[in-house]
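Novice: To start, I am sharing the structure in question, which I have written as structure tokens.
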Amino acid sequence: MYVKDRLPLPINTNPALVFVEDDDVMKNQPKNRRQLVRSTNLLVSALRFLKSLDSEILEPEIFHLSPAKTDTMKYRRVMKMMPTAVATYASYLYKAFPLDMSQYPSLFRTTRIPKKGMDKLSKGGKDVTHIAVMRNGNVYAVEVLDDDGNILPVSVIMGSLEYILADPTPPAKDPIGVMTTENRDKWAAIREHLVTSSLRNQKSFDTIDSSLFVLSLDEEELGEADPLRVTRQYLHSDGTNRWFDKSFNIIVTKDGWAGLTFEHAWGDGVAVMRFFNDINKDTLANKWSNEVTPRRAPIHPIRLPFEIDEKGSQGISDASKRYKAQISELQISPFLLERFGKKACKGWGISPDSLMQLGFQLAYHRLTSKTVTTYESCSTSAFRHGRTEAIRPATALTKEISTLLSKPDWKNNKGQLKELIKKCSEKHGQLTKDAAMGQGFDRHLFAMKNIALAKNSSLPDIYNDEAYAMINYNILSTSTLSSPAVRVGAFGPVVRDGLGIAYQIWDTGLGCITTTYKGQADGDAFAQNCTEAFSDIETALKAN
């Protein structure tokens with residue numbers, strides 16, 4: 001699905017996640033060390049995750065039906081004693097269900113290569129020992145593992161990054177990374193031209209493609225936690241210091257803000273969030289380089305050469321102009337309500353996720369007087385090689401509640417609304433369970449359509465029905481980011497007049513980042529309506 005899409009990757013498919021601030025780095029380190037220390041810490045933790053994964057000792061991803069009983073050290077000790085052949089079945093007895101982790105190896109050494117008509121995923125071997133580091137649009141190869149695959153000393157890794165940060169090389173005249181923001185067919189043509197015209201270019205591309213991942217060292221300073229500025233830096237930036245084709249880019253600013261953007265064809269949010277959470281925890285706990293003095297690396301970082309001719313330079317210039325136009329159209333609208341959250345939902349007896357989805361339906365209904373196609377991503381990792389299924393949160397119940405809450409006298413019906421909201425929560429819970437257990441309909445219909453096309457068969461009538469076109473035109477595209485490690489998350493709308501809603505709900509607060517295209521949908525008005533919508537839902541739920 002992803003590799004056939006010809007749209008540019010940033011905003012359209014590549015999401016962004018921003019780490020919570022590391023106060024020890026951002027407040028206690030000298031300003032000139034913050035980027036270096038934060039980058040080194042995250043890099044070492046990422047390599048530790050890689051080594052655990054390659055050694056097959058990374059703790060399995062588990063769905064705990066009763067976390068209080070099984071998400072414990074006792075459960076882990078019992079599982080460690082179990083023979084591999086029976087461990088999964090033993091876990092079932094505890095009502096703890098191991099999830100598919102087949103996407104995890106593709107976190108590293110993976111790149112999406114642009115090709116005419118359909119891209120391909122390229123994966124380097126386990127003998128790869130380097131990462132690609134970007135600064136000022138220049139790309140460097142940096143050795144981080146020794147010949148035996150062991151992580152180099154922290155001081156040496158830190159020394160390599162210090163070398164790059166001190167490099168006086170000016171910003172790249174033709175920053176090749178900008179091409180990864182381009183239409184995939186156009187990028188494929190330019191890349192093919194650059195590869196065939198220069199052996200140096202071919203080797204440089206091969207080095208980036210096979211690298212473990214990309215680390216982007218940005219020159220920007222973000223200062224205080226302005227969600228608009230932070231989101232723009234990590235969701236798109238100006239494209240000069242990114243390689244959006246790579247499985248993921250870890251991005252660290254001059255003043256120590258950190259986050260990542262990831263390519264979506266190789267895998268989904270479950271694998272990325274596990275990686276994100278683990279390296280955040282490991283970094284904050286171990287502070288790998290906070291007190292370390294950098295040491296010169298045995299092998300200096302190598303700045304990768306690119307021979308860019310007139311055609312290549314024009315392609316980069318055109319891509320940059322197109323990208324600037326695209327990001328200038330993007331509107332980012334934050335919403336935050338720090339009054340109630342998961343704790344209140346538990347007291348009301350409703351699902352936190354159902355509350356969030358109902359709030360979005362109400363906010364949009366009040367804005368437009370409409371109920372529209374809504375998409376919520378759901379992992380199907382309970383199945384082997386499972387990816388995602390769609391939850392369809394817009395239901396007859398959400399419409400009924402939105403209509404009632406949009407009437408001037410709705411406060412006269414708080415008791416009725418409270419009961420409807422509880423029923424709505426039950427319905428949403430069932431939809432979520434159905435999607436997670438493979439009982440959704442979206443992926444089945446999509447697969448059957450593609451099978452028919454592959455066999456050159458005529459499509460069944462359902463695929464030409466107006467309703468099928470409507471259900472696949474997702475005005476509200478939503479995804480939750482339920483992690484205390486996430487400061488901000490964002491992705492773009494999936495249709496021009498749509499909204500991309502990345503949301504979170506905490507114990508005592510909730511919020512979202514909404515993206516829209518100017519003149520197509522009003523994200524700021526939606527965010528304002530969210531404030532009122534969630535406040536009114538709270539009022540209804542507090543009714544006696």
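In the structure tokens, chains take the letters A, B, ... in the order shown, each chain's residues start at 1, and ligands count up from 1 in the order shown.
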Using only C-alpha atoms, which protein or nucleic acid residues come within 12 Å of Leu405 (chain A)? Drop anything in the same chain fewer than 3 positions from it, and give the result as a ChimeraX atom specification.
Specialist: /A:358-359,361-363,365-366,369,398-402,408-414,416-418,420-421,532-540
Novice: Using only C-alpha atoms, which residues of region 253-372 of chain A come within 6 Å of region 136-142 of chain A, and what is the closest atom pair for each, with the distance in Å to one decimal? Give it as a Markdown table, sorted by chain and residue number.
Specialist:
| residue | atom | partner | partner_atom | distance |
| --- | --- | --- | --- | --- |
| A:Pro301 | CA | A:Val142 | CA | 4.8 |
| A:Ile302 | CA | A:Ala141 | CA | 5.2 |
| A:Arg303 | CA | A:Tyr140 | CA | 4.2 |
| A:Leu304 | CA | A:Tyr140 | CA | 5.5 |
Novice: At a cut-off of 6 Å, using only C-alpha atoms, what residues contact His130 (chain A)? Leave out same-chain residues fewer than 4 positions from it and give the result as a list in words.
Specialist: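 In the requested form, the answer reads Val142, Glu143, Val144 and Ser211 of chain A.
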Novice: Could you list, as number ranges by chain, every residue within 9 Å of Leu145 (chain A), counting only C-alpha atoms and ignoring same-chain residues fewer than 4 positions away?
Specialist: A: 47, 128-130, 149-152
Novice: Measuring atom to atom with only C-alpha atoms, identify which of A:Gly124, A:Pro83, A:Pro60, A:Pro393 is nearest to Thr111 (chain A).
Specialist: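 Using only C-alpha atoms, Thr111 (chain A) sits closest to A:Gly124.
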Novice: DSSP says strand (DSSP E or B) for which residues of region 397-543 of chain A? Put them as a ChimeraX atom specification?
Specialist: /A:476-480,486-490,499-505,510-517
Novice: What's the 7 Å shell around region 274-291 of chain A, counting only C-alpha atoms, without same-chain residues fewer than 2 positions away, as a list in words?
Specialist: Val37, Thr40, Asn41, Leu42, Ser45, Ala46, Val154, Val270, Ala271, Val272, Thr293 and Ala485 of chain A
Novice: State, in Å with one decimal place, the distance from CA of Phe244 (chain A) to CA of Val44 (chain A).
Specialist: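 Those two atoms sit 21.8 Å apart.
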Novice: Using only C-alpha atoms, which protein or nucleic acid residues come within 8 Å of region 463-474 of chain A? Drop anything in the same chain fewer than 6 positions from it, and give the result as number ranges by chain.
Specialist: A: 372-375, 449, 494-495, 498
Novice: Those same residues - N, CA and C atoms - I'd like them written as a short mmCIF file (atom, residue, chain, number, x, y, z; two decimals), in the first residue's frame.
Specialist:
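Saved file part-v8.cif follows:
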data_model
loop_
_atom_site.label_atom_id
_atom_site.label_comp_id
_atom_site.auth_asym_id
_atom_site.auth_seq_id
_atom_site.Cartn_x
_atom_site.Cartn_y
_atom_site.Cartn_z
N VAL A 372 -18.81 12.90 9.64
CA VAL A 372 -18.02 12.51 8.46
C VAL A 372 -17.24 11.23 8.72
N THR A 373 -16.70 10.67 7.65
CA THR A 373 -15.89 9.46 7.76
C THR A 373 -14.70 9.70 8.68
N THR A 374 -14.54 8.81 9.64
CA THR A 374 -13.48 8.95 10.63
C THR A 374 -12.69 7.65 10.71
N TYR A 375 -11.38 7.80 10.82
CA TYR A 375 -10.47 6.66 10.88
C TYR A 375 -9.67 6.71 12.17
N LYS A 449 -9.92 -6.39 -3.06
CA LYS A 449 -9.82 -5.51 -4.23
C LYS A 449 -8.49 -5.70 -4.94
N VAL A 494 -4.96 13.13 5.70
CA VAL A 494 -4.82 12.15 4.62
C VAL A 494 -5.58 12.56 3.36
N VAL A 495 -6.43 13.58 3.47
CA VAL A 495 -7.10 14.17 2.31
C VAL A 495 -7.00 15.68 2.43
N GLY A 498 -9.19 17.39 4.94
CA GLY A 498 -9.31 16.61 6.17
C GLY A 498 -8.51 17.18 7.33
#
Novice: State, in Å with one decimal place, the distance from CA of Ala447 (chain A) to CA of Lys115 (chain A).
Specialist: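 One can read the CA of Ala447 (chain A) to CA of Lys115 (chain A) distance as 22.9 Å.
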Novice: As an exercise, work out the distance from CA of Leu65 (chain A) to CA of Ala344 (chain A) in Å and give it to one decimal place.
Specialist: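 Value for the CA of Leu65 (chain A)-CA of Ala344 (chain A) distance: 21.3 Å.
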Novice: Using backbone DSSP assignments, extract all alpha helix (DSSP H) residues from region 178-220 of chain A; output them as an mmCIF file with C-alpha atoms, in the first residue's frame.
Specialist:
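Written output follows (states.cif):
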data_model
loop_
_atom_site.group_PDB
_atom_site.id
_atom_site.type_symbol
_atom_site.label_atom_id
_atom_site.label_comp_id
_atom_site.auth_asym_id
_atom_site.auth_seq_id
_atom_site.Cartn_x
_atom_site.Cartn_y
_atom_site.Cartn_z
ATOM 1 C CA ARG A 184 8.352 9.601 -5.451
ATOM 2 C CA ASP A 185 8.525 9.299 -9.241
ATOM 3 C CA LYS A 186 10.410 12.591 -9.565
ATOM 4 C CA TRP A 187 12.822 11.572 -6.821
ATOM 5 C CA ALA A 188 13.290 8.165 -8.453
ATOM 6 C CA ALA A 189 14.262 9.811 -11.754
ATOM 7 C CA ILE A 190 16.753 12.215 -10.140
ATOM 8 C CA ARG A 191 18.288 9.504 -7.976
ATOM 9 C CA GLU A 192 18.683 7.182 -10.964
ATOM 10 C CA HIS A 193 20.360 10.000 -12.893
ATOM 11 C CA LEU A 194 22.767 10.775 -10.019
ATOM 12 C CA VAL A 195 23.620 7.095 -9.508
ATOM 13 C CA THR A 196 24.315 6.358 -13.181
ATOM 14 C CA SER A 197 26.351 9.523 -13.677
ATOM 15 C CA LEU A 199 30.281 6.079 -8.932
ATOM 16 C CA ARG A 200 30.839 8.366 -5.931
ATOM 17 C CA ASN A 201 27.137 9.105 -5.774
ATOM 18 C CA GLN A 202 26.341 5.396 -5.908
ATOM 19 C CA LYS A 203 28.680 4.664 -2.998
ATOM 20 C CA SER A 204 27.290 7.559 -0.945
ATOM 21 C CA PHE A 205 23.717 6.411 -1.508
ATOM 22 C CA ASP A 206 24.691 2.838 -0.598
ATOM 23 C CA THR A 207 26.284 4.069 2.633
ATOM 24 C CA ILE A 208 23.123 5.943 3.652
ATOM 25 C CA ASP A 209 20.786 3.152 2.562
ATOM 26 C CA SER A 210 22.630 0.492 4.557
#
Novice: Pick out the closest residue to Phe213 (chain A) from this set: A:Thr388, A:Asn249, A:Ser160, A:Ser317. Count only C-alpha atoms.
Specialist: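 Closest to Phe213 (chain A), using only C-alpha atoms: A:Asn249.
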Novice: Between A:Glu376, A:Asp255, A:Lys173, A:Ala521, single out the one closest to Lys27 (chain A), counting only C-alpha atoms.
Specialist: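 That would be A:Asp255, the residue with the smallest distance to Lys27 (chain A).
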Novice: Check the smallest atom-to-atom distance from each of A:His264, A:His64, A:Lys422, A:Arg112 to Pro98 (chain A) using only C-alpha atoms, then report the winner.
Specialist: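 Using only C-alpha atoms, Pro98 (chain A) sits closest to A:His64.
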